[in-house]
Structure formats: structure tokens, C-alpha cells
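Structure file my_file-v8.txt (compact mmCIF, C-alpha atoms) follows.
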# COMPACT_ATOMS: atom_id res chain seq x y z
CA MET S 1 237.73 -13.80 129.03
CA VAL S 2 235.54 -10.72 128.67
CA ARG S 3 233.31 -10.84 125.59
CA LEU S 4 233.20 -7.61 123.62
CA ARG S 5 230.92 -6.64 120.78
CA PRO S 6 232.37 -7.93 117.48
CA VAL S 7 232.19 -4.46 115.89
CA LEU S 8 234.90 -3.24 118.28
CA SER S 9 237.51 -5.42 116.59
CA THR S 10 237.17 -3.42 113.37
CA LEU S 11 236.18 -0.06 114.81
CA PRO S 12 238.65 2.72 114.01
CA SER S 13 239.76 4.80 116.97
CA TYR S 14 239.37 8.54 116.96
CA VAL S 15 242.83 10.03 116.35
CA PRO S 16 243.31 13.42 117.99
CA GLY S 17 245.89 15.91 116.82
CA ARG S 18 249.21 15.17 118.49
CA THR S 19 250.97 17.49 120.90
CA VAL S 20 254.78 17.34 120.69
CA PRO S 21 256.81 19.28 123.28
CA GLY S 22 258.55 22.24 121.68
CA ALA S 23 256.62 22.00 118.41
CA ILE S 24 253.85 24.26 117.11
CA LYS S 25 250.56 22.37 117.15
CA LEU S 26 248.47 23.07 114.04
CA ALA S 27 246.62 19.77 114.14
CA SER S 28 243.42 20.24 116.16
CA ASN S 29 241.65 23.38 114.88
CA GLU S 30 242.02 25.10 118.24
CA VAL S 31 242.17 28.89 118.34
CA PRO S 32 245.63 30.06 119.43
CA TYR S 33 244.44 32.68 121.92
CA PRO S 34 244.12 32.20 125.71
CA PRO S 35 240.75 32.63 127.47
CA LEU S 36 239.56 36.17 128.09
CA PRO S 37 240.11 37.48 131.64
CA SER S 38 236.35 37.86 132.17
CA VAL S 39 235.80 34.25 131.16
CA LEU S 40 238.61 33.06 133.42
CA GLU S 41 237.01 34.92 136.34
CA ARG S 42 233.75 33.03 135.84
CA ILE S 43 235.63 29.74 135.49
CA THR S 44 237.50 30.39 138.74
CA ALA S 45 234.34 31.28 140.59
CA ALA S 46 232.53 28.21 139.27
CA ALA S 47 235.42 25.93 140.22
CA ALA S 48 234.93 26.85 143.88
CA GLY S 49 231.70 24.85 143.83
CA MET S 50 233.06 21.73 142.17
CA ASN S 51 231.98 19.61 145.16
CA ARG S 52 228.42 20.01 143.87
CA TYR S 53 226.92 18.39 140.79
CA PRO S 54 226.21 20.69 137.84
CA ASP S 55 222.73 21.62 136.68
CA ASN S 56 221.92 18.55 134.62
CA ALA S 57 219.53 20.55 132.42
CA SER S 58 222.00 23.42 131.82
CA THR S 59 219.00 25.67 132.35
CA ALA S 60 220.64 29.10 132.20
CA LEU S 61 222.70 28.21 129.14
CA THR S 62 219.71 26.60 127.42
CA ASP S 63 217.66 29.76 127.96
CA ALA S 64 220.50 31.96 126.70
CA ILE S 65 220.95 29.92 123.52
CA ALA S 66 217.18 29.81 122.91
CA ALA S 67 216.94 33.60 123.24
CA ARG S 68 219.82 34.13 120.80
CA ALA S 69 218.41 31.66 118.28
CA GLY S 70 214.86 32.97 118.59
CA VAL S 71 213.46 29.55 119.46
CA ASP S 72 211.70 27.94 122.39
CA ALA S 73 213.97 26.51 125.07
CA ALA S 74 212.36 23.12 124.41
CA GLN S 75 214.13 23.10 121.03
CA VAL S 76 217.62 23.38 122.58
CA ALA S 77 219.87 20.66 123.96
CA ILE S 78 223.24 21.32 125.57
CA GLY S 79 225.96 18.70 125.24
CA CYS S 80 229.55 17.88 126.11
CA GLY S 81 230.79 19.38 122.87
CA SER S 82 228.95 19.03 119.57
CA VAL S 83 230.57 15.62 118.97
CA SER S 84 228.77 14.28 122.04
CA LEU S 85 225.52 15.57 120.58
CA CYS S 86 226.33 13.73 117.33
CA THR S 87 226.60 10.53 119.36
CA GLN S 88 223.34 11.20 121.19
CA LEU S 89 221.62 11.96 117.90
CA VAL S 90 222.55 8.60 116.38
CA GLN S 91 221.47 6.84 119.58
CA ALA S 92 218.16 8.69 119.50
CA VAL S 93 217.15 7.98 115.90
CA ALA S 94 219.01 4.91 114.59
CA ASP S 95 218.69 1.24 115.48
CA ALA S 96 220.85 -1.68 114.37
CA ASP S 97 220.59 -2.14 110.60
CA ASP S 98 219.49 1.47 110.10
CA GLU S 99 221.68 3.71 107.96
CA VAL S 100 223.53 6.97 108.57
CA VAL S 101 224.56 8.90 105.46
CA TYR S 102 227.43 11.38 105.36
CA ALA S 103 230.07 12.70 102.99
CA TRP S 104 233.56 11.21 103.02
CA ARG S 105 235.97 12.44 103.85
CA SER S 106 234.21 14.43 106.55
CA PHE S 107 234.37 14.56 110.36
CA GLU S 108 236.17 11.38 111.37
CA ALA S 109 233.89 10.77 114.36
CA TYR S 110 230.86 10.04 112.15
CA PRO S 111 231.80 6.44 111.22
CA ILE S 112 232.84 5.68 114.80
CA ILE S 113 229.58 7.01 116.22
CA ALA S 114 227.49 5.10 113.71
CA ALA S 115 229.34 1.82 114.31
CA VAL S 116 229.14 2.05 118.09
CA SER S 117 225.38 2.55 117.81
CA GLY S 118 225.05 -0.46 115.52
CA ALA S 119 223.98 1.58 112.51
CA SER S 120 225.52 1.20 109.06
CA SER S 121 227.51 4.00 107.46
CA VAL S 122 226.79 5.13 103.92
CA GLN S 123 229.78 7.20 102.86
CA VAL S 124 229.34 9.41 99.79
CA PRO S 125 232.59 10.62 98.19
CA LEU S 126 233.27 14.33 98.07
CA HIS S 127 233.19 16.06 94.70
CA ASP S 128 235.94 18.67 94.26
CA HIS S 129 236.58 18.38 98.01
CA THR S 130 232.94 19.36 98.69
CA HIS S 131 229.74 17.56 99.71
CA ASP S 132 227.96 16.02 96.73
CA LEU S 133 224.47 16.68 98.05
CA ASP S 134 222.67 15.36 94.97
CA GLU S 135 224.44 12.02 95.30
CA MET S 136 223.83 11.99 99.06
CA ALA S 137 220.10 12.45 98.44
CA ALA S 138 220.18 9.64 95.89
CA ARG S 139 221.77 7.30 98.46
CA ILE S 140 218.92 7.68 100.95
CA THR S 141 216.84 4.51 101.29
CA GLY S 142 214.04 3.24 103.48
CA LYS S 143 216.68 2.30 106.05
CA THR S 144 218.16 5.80 106.29
CA ARG S 145 217.44 7.50 109.59
CA LEU S 146 220.02 10.29 109.69
CA VAL S 147 222.15 12.40 107.34
CA PHE S 148 225.12 14.48 108.51
CA VAL S 149 226.04 17.59 106.53
CA CYS S 150 229.19 19.25 107.89
CA ASN S 151 229.21 22.87 106.72
CA PRO S 152 232.01 24.02 106.56
CA ASN S 153 233.32 20.53 106.08
CA ASN S 154 235.99 19.11 108.34
CA PRO S 155 238.73 18.49 107.16
CA THR S 156 238.48 20.26 103.79
CA GLY S 157 237.00 23.61 104.89
CA THR S 158 234.71 23.67 101.86
CA VAL S 159 231.05 24.71 102.00
CA VAL S 160 227.70 24.08 100.39
CA HIS S 161 225.60 27.09 99.44
CA ARG S 162 222.01 27.98 100.15
CA ASP S 163 220.45 26.89 96.85
CA GLU S 164 222.04 23.44 96.84
CA LEU S 165 221.34 22.91 100.54
CA LEU S 166 217.67 23.89 100.15
CA ARG S 167 217.35 21.57 97.15
CA PHE S 168 218.81 18.79 99.26
CA LEU S 169 216.53 19.44 102.22
CA ARG S 170 213.48 19.34 99.96
CA ALA S 171 214.64 15.98 98.58
CA VAL S 172 215.11 14.31 101.97
CA PRO S 173 212.06 12.40 103.26
CA GLU S 174 210.46 14.02 106.31
CA ASP S 175 211.12 10.98 108.49
CA VAL S 176 214.89 11.24 107.94
CA VAL S 177 216.72 13.62 110.29
CA VAL S 178 219.21 16.01 108.72
CA CYS S 179 221.96 17.17 111.07
CA LEU S 180 223.65 20.35 109.89
CA ASP S 181 226.95 20.33 111.75
CA GLU S 182 228.07 23.97 111.93
CA ALA S 183 231.03 23.71 114.30
CA TYR S 184 232.93 26.32 112.26
CA ARG S 185 230.03 28.64 111.50
CA GLU S 186 231.64 31.74 113.05
CA PHE S 187 234.52 31.59 110.55
CA VAL S 188 232.24 31.72 107.48
CA ARG S 189 232.46 34.88 105.37
CA ASP S 190 230.82 33.57 102.18
CA ASN S 191 227.37 35.19 102.11
CA ALA S 192 225.99 32.34 100.00
CA VAL S 193 226.39 29.95 102.95
CA PRO S 194 223.15 29.92 104.95
CA ASP S 195 222.90 30.16 108.72
CA GLY S 196 221.31 26.81 109.54
CA LEU S 197 219.21 28.32 112.33
CA THR S 198 217.27 30.33 109.72
CA LEU S 199 216.17 27.09 108.00
CA LEU S 200 214.56 25.39 110.99
CA ASP S 201 211.05 26.78 110.55
CA ALA S 202 210.72 25.38 107.02
CA HIS S 203 212.29 21.97 107.70
CA PRO S 204 210.85 20.03 110.66
CA ASN S 205 213.43 17.23 110.30
CA LEU S 206 216.43 19.57 110.67
CA VAL S 207 218.74 19.93 113.67
CA VAL S 208 221.68 22.35 113.81
CA LEU S 209 224.80 21.75 115.90
CA ARG S 210 227.15 24.46 117.18
CA THR S 211 230.08 24.44 119.59
CA PHE S 212 231.98 26.70 121.96
CA SER S 213 235.18 24.74 121.27
CA LYS S 214 236.34 26.62 118.19
CA ALA S 215 235.58 30.33 117.80
CA TYR S 216 234.85 30.78 121.51
CA GLY S 217 238.06 29.06 122.58
CA LEU S 218 236.62 26.59 125.09
CA ALA S 219 237.90 23.37 123.50
CA GLY S 220 239.22 22.08 126.82
CA LEU S 221 235.90 22.48 128.61
CA ARG S 222 233.67 20.59 126.15
CA VAL S 223 230.38 22.39 125.64
CA GLY S 224 228.19 22.60 122.55
CA TYR S 225 224.53 22.79 121.68
CA ALA S 226 221.85 21.56 119.30
CA VAL S 227 218.82 23.49 118.08
CA ALA S 228 216.14 21.23 116.63
CA ALA S 229 213.13 22.21 114.56
CA ASP S 230 211.14 19.54 116.41
CA PRO S 231 211.16 19.85 120.23
CA ALA S 232 210.71 16.07 120.44
CA LEU S 233 214.13 15.60 118.87
CA ALA S 234 215.75 17.99 121.34
CA ALA S 235 214.04 16.07 124.15
CA ALA S 236 215.49 12.84 122.78
CA LEU S 237 218.95 14.39 122.81
CA ARG S 238 218.51 15.30 126.46
CA GLN S 239 217.33 11.77 127.24
CA THR S 240 220.40 10.15 125.67
CA GLN S 241 222.90 12.42 127.42
CA VAL S 242 225.11 11.00 130.15
CA PRO S 243 223.94 12.61 133.41
CA PHE S 244 225.91 15.70 134.47
CA ALA S 245 228.03 15.54 131.30
CA VAL S 246 228.33 19.33 131.01
CA THR S 247 230.18 20.65 134.02
CA THR S 248 229.29 23.79 135.94
CA VAL S 249 232.62 25.28 134.85
CA ALA S 250 231.79 24.64 131.19
CA GLN S 251 228.29 26.07 131.54
CA GLU S 252 229.54 29.22 133.25
CA ALA S 253 232.37 29.67 130.74
CA ALA S 254 229.90 29.47 127.85
CA LEU S 255 227.57 31.96 129.53
CA ALA S 256 230.47 34.32 130.18
CA SER S 257 231.53 34.03 126.53
CA LEU S 258 228.06 35.13 125.45
CA GLU S 259 228.20 38.35 127.47
CA PRO S 260 228.15 41.20 124.90
CA ALA S 261 231.60 42.62 125.67
CA ALA S 262 233.25 39.19 125.79
CA GLU S 263 231.57 37.94 122.64
CA LYS S 264 232.55 41.10 120.77
CA GLU S 265 236.20 40.56 121.70
CA LEU S 266 236.07 36.85 120.87
CA LEU S 267 234.57 37.49 117.44
CA GLU S 268 237.17 40.19 116.77
CA ARG S 269 239.75 37.44 117.32
CA VAL S 270 237.87 35.36 114.77
CA ASP S 271 238.14 38.24 112.29
CA GLU S 272 241.91 38.22 112.84
CA LEU S 273 242.05 34.49 112.15
CA VAL S 274 239.94 34.87 109.02
CA ALA S 275 242.34 37.54 107.73
CA GLU S 276 245.25 35.20 108.47
CA ARG S 277 243.41 32.36 106.73
CA THR S 278 243.16 34.42 103.56
CA ARG S 279 246.80 35.50 103.74
CA VAL S 280 248.08 31.98 104.37
CA ALA S 281 245.91 30.34 101.71
CA ASP S 282 246.96 32.91 99.11
CA ALA S 283 250.63 32.45 100.01
CA LEU S 284 250.36 28.67 99.78
CA ARG S 285 248.75 28.86 96.35
CA ALA S 286 251.51 31.22 95.27
CA GLN S 287 254.00 28.54 96.32
CA GLY S 288 252.22 26.12 94.00
CA TRP S 289 250.06 24.14 96.43
CA GLU S 290 246.49 23.15 95.59
CA ILE S 291 244.45 24.66 98.45
CA PRO S 292 240.66 24.43 98.12
CA PRO S 293 238.60 27.46 99.18
CA THR S 294 238.10 27.31 102.95
CA GLU S 295 235.58 28.91 105.27
CA ALA S 296 236.91 27.30 108.45
CA ASN S 297 239.96 28.02 110.60
CA PHE S 298 242.17 25.61 108.69
CA VAL S 299 243.42 24.84 105.20
CA TRP S 300 243.42 21.51 103.38
CA PHE S 301 246.31 20.01 101.43
CA PRO S 302 244.95 17.25 99.13
CA LEU S 303 248.25 15.39 98.90
CA GLY S 304 247.25 11.76 98.33
CA ASP S 305 250.23 9.44 98.73
CA ALA S 306 252.52 12.37 99.59
CA THR S 307 250.60 13.11 102.81
CA ALA S 308 252.88 11.15 105.14
CA ASP S 309 256.03 12.73 103.70
CA PHE S 310 254.51 16.19 104.05
CA ALA S 311 253.49 15.61 107.68
CA ALA S 312 256.89 14.18 108.52
CA GLY S 313 258.61 17.12 106.85
CA CYS S 314 256.48 19.54 108.85
CA GLU S 315 257.26 17.72 112.09
CA ALA S 316 260.98 17.81 111.32
CA ARG S 317 260.60 21.59 111.11
CA GLY S 318 258.74 21.83 114.43
CA LEU S 319 255.17 21.87 113.10
CA ILE S 320 252.50 19.26 113.90
CA VAL S 321 249.73 18.97 111.28
CA ARG S 322 246.81 16.56 111.01
CA ALA S 323 247.56 13.92 108.38
CA PHE S 324 244.94 11.63 106.87
CA ALA S 325 247.00 8.85 105.35
CA GLY S 326 246.77 8.63 101.57
CA VAL S 327 244.31 11.53 101.37
CA GLY S 328 245.61 14.85 102.65
CA ALA S 329 246.65 17.05 105.53
CA ARG S 330 244.65 19.59 107.49
CA VAL S 331 246.55 22.54 108.92
CA THR S 332 245.07 24.91 111.48
CA ILE S 333 245.54 28.66 111.15
CA GLY S 334 247.58 29.86 114.12
CA THR S 335 249.13 33.15 115.14
CA ARG S 336 250.94 35.21 112.53
CA ASP S 337 254.32 34.00 113.79
CA GLU S 338 253.18 30.38 113.72
CA ASN S 339 251.83 30.83 110.22
CA GLU S 340 255.12 32.34 109.08
CA ARG S 341 256.85 29.19 110.35
CA LEU S 342 254.36 27.14 108.35
CA LEU S 343 254.93 29.11 105.16
CA ALA S 344 258.70 28.78 105.51
CA ALA S 345 258.29 25.02 105.94
CA THR S 346 255.92 24.61 102.98
CA ALA S 347 258.26 26.60 100.75
CA GLU S 348 261.02 24.12 101.56
CA LEU S 349 258.76 21.08 101.27
CA ARG S 350 257.09 21.95 97.97
CA PRO S 351 259.96 20.63 95.78
CA VAL S 352 260.19 17.50 97.96
CA VAL S 353 256.57 16.44 97.48
CA THR S 354 255.98 17.81 93.97
CA GLY S 355 256.65 14.50 92.30
CA ALA S 356 254.13 12.63 94.44
CA VAL S 357 251.26 15.13 94.40

Take the structure in the file and write it out as C-alpha cells.
Amino acid sequence: MVRLRPVLSTLPSYVPGRTVPGAIKLASNEVPYPPLPSVLERITAAAAGMNRYPDNASTALTDAIAARAGVDAAQVAIGCGSVSLCTQLVQAVADADDEVVYAWRSFEAYPIIAAVSGASSVQVPLHDHTHDLDEMAARITGKTRLVFVCNPNNPTGTVVHRDELLRFLRAVPEDVVVCLDEAYREFVRDNAVPDGLTLLDAHPNLVVLRTFSKAYGLAGLRVGYAVAADPALAAALRQTQVPFAVTTVAQEAALASLEPAAEKELLERVDELVAERTRVADALRAQGWEIPPTEANFVWFPLGDATADFAAGCEARGLIVRAFAGVGARVTIGTRDENERLLAATAELRPVVTGAV
């Protein structure tokens, strides 16, 4: 019989948002819009060369990201989505018996990534659905090698502001890497939330993650990037990447999305989603739901034991949401018509779950 690592017997599996034929999928934080024609043209052209391996260094995309971020190309690493870069980061900095600190609940891949790498997770409970950065700083020990700060947080959509983040960064020892996971950065409209790239010069242990999966609508192609204050950390990320992980099609799609005209149109779509986010959140609160402030492209229902009933009720009405058993449900902002279906469903479900919330 094949012998597997003991940790695998207790390792939770990543649970993606389900797709149910005929139902509206609001479970995976995807944008609801199709790719732009100009991006599709680049994808089609790139696909014609799929018999060749991609540029393993993603040179053109690396240079484009470096120019936009105002950093040296040596500080940039391209990955197969930002979640792949999270994995590479843990592999690069943490050994067995080292610790990885993060808020909980936050991105569900963090505990899986830490366990696979042999590191121990230190989960710090959220406070009012938001990172408790003071407590996270207090939980750092001599074994801590990495801290994840997801801003906006997935799945709650809440944010930490500049003053509290800077206080936290000053409290973290210089030999502990802080990963600021900004997968939803383009949806932020709160001016008190800092752009992580502007903090790199003052904090040599900081690395910022971004993705093309969300605002840029390339979730199916898997491409993201890291910008590290220390070029040695970016080099380590490149060393731990699976060879040829970022396809030519993904690289070209990302480059096409950064063309000025395409990016302008993509970010106008983001503005539409942000307006819908405000409308939907306000309507849900008017129905009587507790919806924390969100700066992402989703809203959070902190439902506790009523979560399963809520998710089942949504599915019965043709809506698939992302349920976290016993905690809450995350619901992606879709098109206006999809959101109207959601609001009709939540109006019906509110009396059903009131007694359990």
C-alpha cells in the first residue's frame, strides 16, 4: 500500500463554489462579464502556438507589472494565480515546525497551504468580522516565519485601514515576512485603505499579491503576481514555481488586459459592480440582514447555525452561494438581473432564518 504523509489524513480539501446547471452561480467571486473582444483576440492568437512551451520567466508580463508598480523587475514574480504564489511563499520561507499566522475566518487556502508545507497554522479570530491586527502581532513568536493579511478579507469583505496596518507592520519583526493579499484591491473605494504597493519602500519584509482573476475577469486562465520589497524574496518565489505554470495564453491575456483602452473598459465594469454592491448591501440591510461593510465584489451573511438553511433556501430558488458551515455565507455580486433574483430570494428567506440568526 502506498504510504502518504500523515498530515493528509486530516487536511481539509479546498472547496470551490459549486456550479449547478440552470442556477445562477454567486459562489466564486467571479465577475459576470465575458472577456473583452480585444483580449479574446490575443488569447486566440496565443493559442495558435500552444505546441510550444510558454516563457517560463513571463518576461514581458513581469516588465509590464514592474513598470506599473514603479519597481525593478527583480522585485516581481508571476504565478498561476495569486493562490499559487501563496503556496510558493510558504514553501520559500517556512520549514516544518515553523508558524504561519493569519486571521480566521479568512481565505480558506491558507490552512491547506501551511499544512502541506509542514508549517503550523496560528489562526487569530476576526473581531467584528475584521482582522484583529493587534492580536495577530501579539501571536507572533520566534517560530513565526510568515503572516497573511487579506485586505479586503475573503470571505467577509472587510478591510483594515492605513493607520492600523502601519502600526502592525512596525510591530512585526523584520525577519518575519508579511504577505498583503490584495486580490480584491480594484474594488476598494474606501480612501483609508492603503495601496500595498506604496508601503514596500518602508517595509523590507513586505510582499504584495494581486491577481487578474477578479477585476480583470481572467479567473479561468490563472495568472497573478507578487511584488516584493526584497528582490531576494521575489527570486525565491520564482525558484519555487512549477516550471511553465503560467501559460502563454494567460500571459498574453494579462498583457492585453493592461492595454490602456482595455483596462479602462475593464475598470469601468468594476465601477458598475461597485455600484451594484452598494445597492445590494443597502437593500439587504433594509430587509433586516446584518451585512458588514464590504470593499470586495461580494457580501457576507454572518448566519452562524442558520447558514446551511440559508444556502439551501437560495439553491431551491436557483441561486448558488458559498456557505461556510456554522459561520456564514458569502454571496458574489452579479449582474443587476442576478442581484434582483438574490434580493427576491433573501426577502422570502429572511422570516425563515430569523429565529436561528

Could you give me, as CSV, every range 26-88 of chain S residue with an atom at most 12 Å from range 179-182 of chain S, plus its closest atom pair and distance in Å to one decimal, counting all atoms listed in the file, rows ordered by chain then number?
residue,atom,partner,partner_atom,distance
S:Gly81,CA,S:Asp181,CA,11.8
S:Ser82,CA,S:Asp181,CA,8.2
S:Val83,CA,S:Asp181,CA,9.3
S:Leu85,CA,S:Asp181,CA,10.1
S:Cys86,CA,S:Cys179,CA,8.4
S:Thr87,CA,S:Cys179,CA,11.6
S:Gln88,CA,S:Cys179,CA,11.8

Note to self: Using only C-alpha atoms for the distances, tell me which of S:Ala325, S:Val193, S:Val15, S:Val100 is nearest to Ser28 in chain S.
What the structure shows: S:Val15

Considering only C-alpha atoms, give me a table of residues in range 228-321 of chain S that are at most 9 Å from range 136-158 of chain S, with the closest atom pair and distance in Å for each, as JSON lines.
{"residue": "S:Pro292", "atom": "CA", "partner": "S:Thr158", "partner_atom": "CA", "distance": 7.1}
{"residue": "S:Pro293", "atom": "CA", "partner": "S:Thr158", "partner_atom": "CA", "distance": 6.1}
{"residue": "S:Thr294", "atom": "CA", "partner": "S:Gly157", "partner_atom": "CA", "distance": 4.3}
{"residue": "S:Glu295", "atom": "CA", "partner": "S:Gly157", "partner_atom": "CA", "distance": 5.5}
{"residue": "S:Ala296", "atom": "CA", "partner": "S:Gly157", "partner_atom": "CA", "distance": 5.1}
{"residue": "S:Asn297", "atom": "CA", "partner": "S:Gly157", "partner_atom": "CA", "distance": 7.8}
{"residue": "S:Phe298", "atom": "CA", "partner": "S:Gly157", "partner_atom": "CA", "distance": 6.7}
{"residue": "S:Val299", "atom": "CA", "partner": "S:Gly157", "partner_atom": "CA", "distance": 6.5}
{"residue": "S:Trp300", "atom": "CA", "partner": "S:Thr156", "partner_atom": "CA", "distance": 5.1}
{"residue": "S:Phe301", "atom": "CA", "partner": "S:Thr156", "partner_atom": "CA", "distance": 8.2}
{"residue": "S:Pro302", "atom": "CA", "partner": "S:Thr156", "partner_atom": "CA", "distance": 8.5}

Note to self: Let me make sure I understand: among S:Thr346, S:Thr332, S:Asn339, S:Ser84, which one has the smallest atom-to-atom distance to Ala312 in chain S if we use only C-alpha atoms?
What the structure shows: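 Counting only C-alpha atoms, the residue closest to Ala312 in chain S is S:Thr346.
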
Item checked: Exercise: range 195-200 of chain S partners within 10 Å, all atoms listed in the file, chain neighbours under 6 positions left out, as a PyMOL selection string -> chain S and resi 69-71+151+162+165-166+169+179-182+185-186+188+206-210+227-230

Put those residues in a file: C-alpha atoms, as a PDB file, in the frame of the given file.
ATOM      1  CA  ALA S  69     218.410  31.660 118.280  1.00  0.00           C
ATOM      2  CA  GLY S  70     214.860  32.970 118.590  1.00  0.00           C
ATOM      3  CA  VAL S  71     213.460  29.550 119.460  1.00  0.00           C
ATOM      4  CA  ASN S 151     229.210  22.870 106.720  1.00  0.00           C
ATOM      5  CA  ARG S 162     222.010  27.980 100.150  1.00  0.00           C
ATOM      6  CA  LEU S 165     221.340  22.910 100.540  1.00  0.00           C
ATOM      7  CA  LEU S 166     217.670  23.890 100.150  1.00  0.00           C
ATOM      8  CA  LEU S 169     216.530  19.440 102.220  1.00  0.00           C
ATOM      9  CA  CYS S 179     221.960  17.170 111.070  1.00  0.00           C
ATOM     10  CA  LEU S 180     223.650  20.350 109.890  1.00  0.00           C
ATOM     11  CA  ASP S 181     226.950  20.330 111.750  1.00  0.00           C
ATOM     12  CA  GLU S 182     228.070  23.970 111.930  1.00  0.00           C
ATOM     13  CA  ARG S 185     230.030  28.640 111.500  1.00  0.00           C
ATOM     14  CA  GLU S 186     231.640  31.740 113.050  1.00  0.00           C
ATOM     15  CA  VAL S 188     232.240  31.720 107.480  1.00  0.00           C
ATOM     16  CA  LEU S 206     216.430  19.570 110.670  1.00  0.00           C
ATOM     17  CA  VAL S 207     218.740  19.930 113.670  1.00  0.00           C
ATOM     18  CA  VAL S 208     221.680  22.350 113.810  1.00  0.00           C
ATOM     19  CA  LEU S 209     224.800  21.750 115.900  1.00  0.00           C
ATOM     20  CA  ARG S 210     227.150  24.460 117.180  1.00  0.00           C
ATOM     21  CA  VAL S 227     218.820  23.490 118.080  1.00  0.00           C
ATOM     22  CA  ALA S 228     216.140  21.230 116.630  1.00  0.00           C
ATOM     23  CA  ALA S 229     213.130  22.210 114.560  1.00  0.00           C
ATOM     24  CA  ASP S 230     211.140  19.540 116.410  1.00  0.00           C
TER      25      ASP S 230
END

For range 340-342 of chain S, find every residue with an atom within 9 Å (counting all atoms listed in the file), except residues of its own chain fewer than 4 positions away, and show them as a PDB file with C-alpha atoms, keeping the file's coordinate frame.
ATOM      1  CA  ILE S  24     253.850  24.260 117.110  1.00  0.00           C
ATOM      2  CA  VAL S 280     248.080  31.980 104.370  1.00  0.00           C
ATOM      3  CA  CYS S 314     256.480  19.540 108.850  1.00  0.00           C
ATOM      4  CA  ARG S 317     260.600  21.590 111.110  1.00  0.00           C
ATOM      5  CA  GLY S 318     258.740  21.830 114.430  1.00  0.00           C
ATOM      6  CA  LEU S 319     255.170  21.870 113.100  1.00  0.00           C
ATOM      7  CA  THR S 335     249.130  33.150 115.140  1.00  0.00           C
ATOM      8  CA  ARG S 336     250.940  35.210 112.530  1.00  0.00           C
ATOM      9  CA  THR S 346     255.920  24.610 102.980  1.00  0.00           C
ATOM     10  CA  ALA S 347     258.260  26.600 100.750  1.00  0.00           C
TER      11      ALA S 347
END

Next item on the list: Return the single residue from S:Ala202, S:Val353, S:Ala316, S:Val249 that is closest to Tyr53 in chain S, with distances computed using all atoms listed in the file.
Entry: S:Val249

Notebook entry, point to check: Pick from S:Val178, S:Ala245, S:Leu343, S:Leu255: nearest to Ala286 in chain S, with only C-alpha atoms counted?
Noted result: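 Of S:Val178, S:Ala245, S:Leu343, S:Leu255, the one nearest Ala286 in chain S, counting only C-alpha atoms, is S:Leu343.
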
Next item on the list: Please tell me which residues are no farther than 12 Å from (230.1, 38.2, 129.9) in the file, counting all atoms listed in the file, and write them as a VMD selection string.
Entry: chain S and resid 36 to 43 64 252 to 266

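Distances from S:Arg269, S:Val122, S:Pro194, S:Glu348 to Tyr33 in chain S were compared using all atoms listed in the file, and the smallest one belongs to S:Arg269.
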
Notebook entry, point to check: For Glu174 in chain S, which residue out of S:Val331, S:Asn205, S:Ala115, S:Gln75 is the nearest one, using only C-alpha atoms?
Noted result: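 Smallest separation from Glu174 in chain S among the options: S:Asn205.
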
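The space separating CA of Asp132 in chain S from CA of Arg279 in chain S comes to 28.0 Å.
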
Next item on the list: Tell me, in Å to one decimal, how far CA of Gln123 in chain S is from CA of Val321 in chain S.
Entry: 24.6 Å

Checklist line | Between CA of Val172 in chain S and CA of Ala67 in chain S - distance in Å to one decimal | finding: 28.8 Å

Starting from the incomplete input, reconstruct N, CA and C atoms of range 94-109 of chain S and report them as a PDB file, in the coordinates of the input.
ATOM      1  N   ALA S  94     218.607   6.050 115.411  1.00  0.00           N
ATOM      2  CA  ALA S  94     219.010   4.910 114.590  1.00  0.00           C
ATOM      3  C   ALA S  94     219.125   3.629 115.406  1.00  0.00           C
ATOM      4  N   ASP S  95     218.541   2.568 114.898  1.00  0.00           N
ATOM      5  CA  ASP S  95     218.690   1.240 115.480  1.00  0.00           C
ATOM      6  C   ASP S  95     219.697   0.442 114.664  1.00  0.00           C
ATOM      7  N   ALA S  96     220.001  -0.761 115.142  1.00  0.00           N
ATOM      8  CA  ALA S  96     220.850  -1.680 114.370  1.00  0.00           C
ATOM      9  C   ALA S  96     220.195  -1.921 113.017  1.00  0.00           C
ATOM     10  N   ASP S  97     221.005  -1.938 111.993  1.00  0.00           N
ATOM     11  CA  ASP S  97     220.590  -2.140 110.600  1.00  0.00           C
ATOM     12  C   ASP S  97     220.011  -0.886 109.956  1.00  0.00           C
ATOM     13  N   ASP S  98     219.832   0.188 110.714  1.00  0.00           N
ATOM     14  CA  ASP S  98     219.490   1.470 110.100  1.00  0.00           C
ATOM     15  C   ASP S  98     220.749   2.077 109.480  1.00  0.00           C
ATOM     16  N   GLU S  99     220.556   3.105 108.675  1.00  0.00           N
ATOM     17  CA  GLU S  99     221.680   3.710 107.960  1.00  0.00           C
ATOM     18  C   GLU S  99     221.869   5.172 108.335  1.00  0.00           C
ATOM     19  N   VAL S 100     223.139   5.574 108.373  1.00  0.00           N
ATOM     20  CA  VAL S 100     223.530   6.970 108.570  1.00  0.00           C
ATOM     21  C   VAL S 100     224.345   7.385 107.353  1.00  0.00           C
ATOM     22  N   VAL S 101     223.916   8.428 106.687  1.00  0.00           N
ATOM     23  CA  VAL S 101     224.560   8.900 105.460  1.00  0.00           C
ATOM     24  C   VAL S 101     225.397  10.135 105.768  1.00  0.00           C
ATOM     25  N   TYR S 102     226.602  10.185 105.216  1.00  0.00           N
ATOM     26  CA  TYR S 102     227.430  11.380 105.360  1.00  0.00           C
ATOM     27  C   TYR S 102     228.468  11.393 104.240  1.00  0.00           C
ATOM     28  N   ALA S 103     229.024  12.563 104.000  1.00  0.00           N
ATOM     29  CA  ALA S 103     230.070  12.700 102.990  1.00  0.00           C
ATOM     30  C   ALA S 103     231.373  12.101 103.519  1.00  0.00           C
ATOM     31  N   TRP S 104     232.254  11.730 102.601  1.00  0.00           N
ATOM     32  CA  TRP S 104     233.560  11.210 103.020  1.00  0.00           C
ATOM     33  C   TRP S 104     234.612  11.600 101.988  1.00  0.00           C
ATOM     34  N   ARG S 105     235.650  12.354 102.449  1.00  0.00           N
ATOM     35  CA  ARG S 105     235.970  12.440 103.850  1.00  0.00           C
ATOM     36  C   ARG S 105     235.290  13.627 104.500  1.00  0.00           C
ATOM     37  N   SER S 106     234.766  13.365 105.736  1.00  0.00           N
ATOM     38  CA  SER S 106     234.210  14.430 106.550  1.00  0.00           C
ATOM     39  C   SER S 106     234.677  14.183 107.979  1.00  0.00           C
ATOM     40  N   PHE S 107     233.944  14.666 108.961  1.00  0.00           N
ATOM     41  CA  PHE S 107     234.370  14.560 110.360  1.00  0.00           C
ATOM     42  C   PHE S 107     234.584  13.088 110.714  1.00  0.00           C
ATOM     43  N   GLU S 108     235.787  12.772 111.188  1.00  0.00           N
ATOM     44  CA  GLU S 108     236.170  11.380 111.370  1.00  0.00           C
ATOM     45  C   GLU S 108     235.404  10.678 112.494  1.00  0.00           C
ATOM     46  N   ALA S 109     234.684  11.417 113.314  1.00  0.00           N
ATOM     47  CA  ALA S 109     233.890  10.770 114.360  1.00  0.00           C
ATOM     48  C   ALA S 109     232.624  10.121 113.813  1.00  0.00           C
TER      49      ALA S 109
END
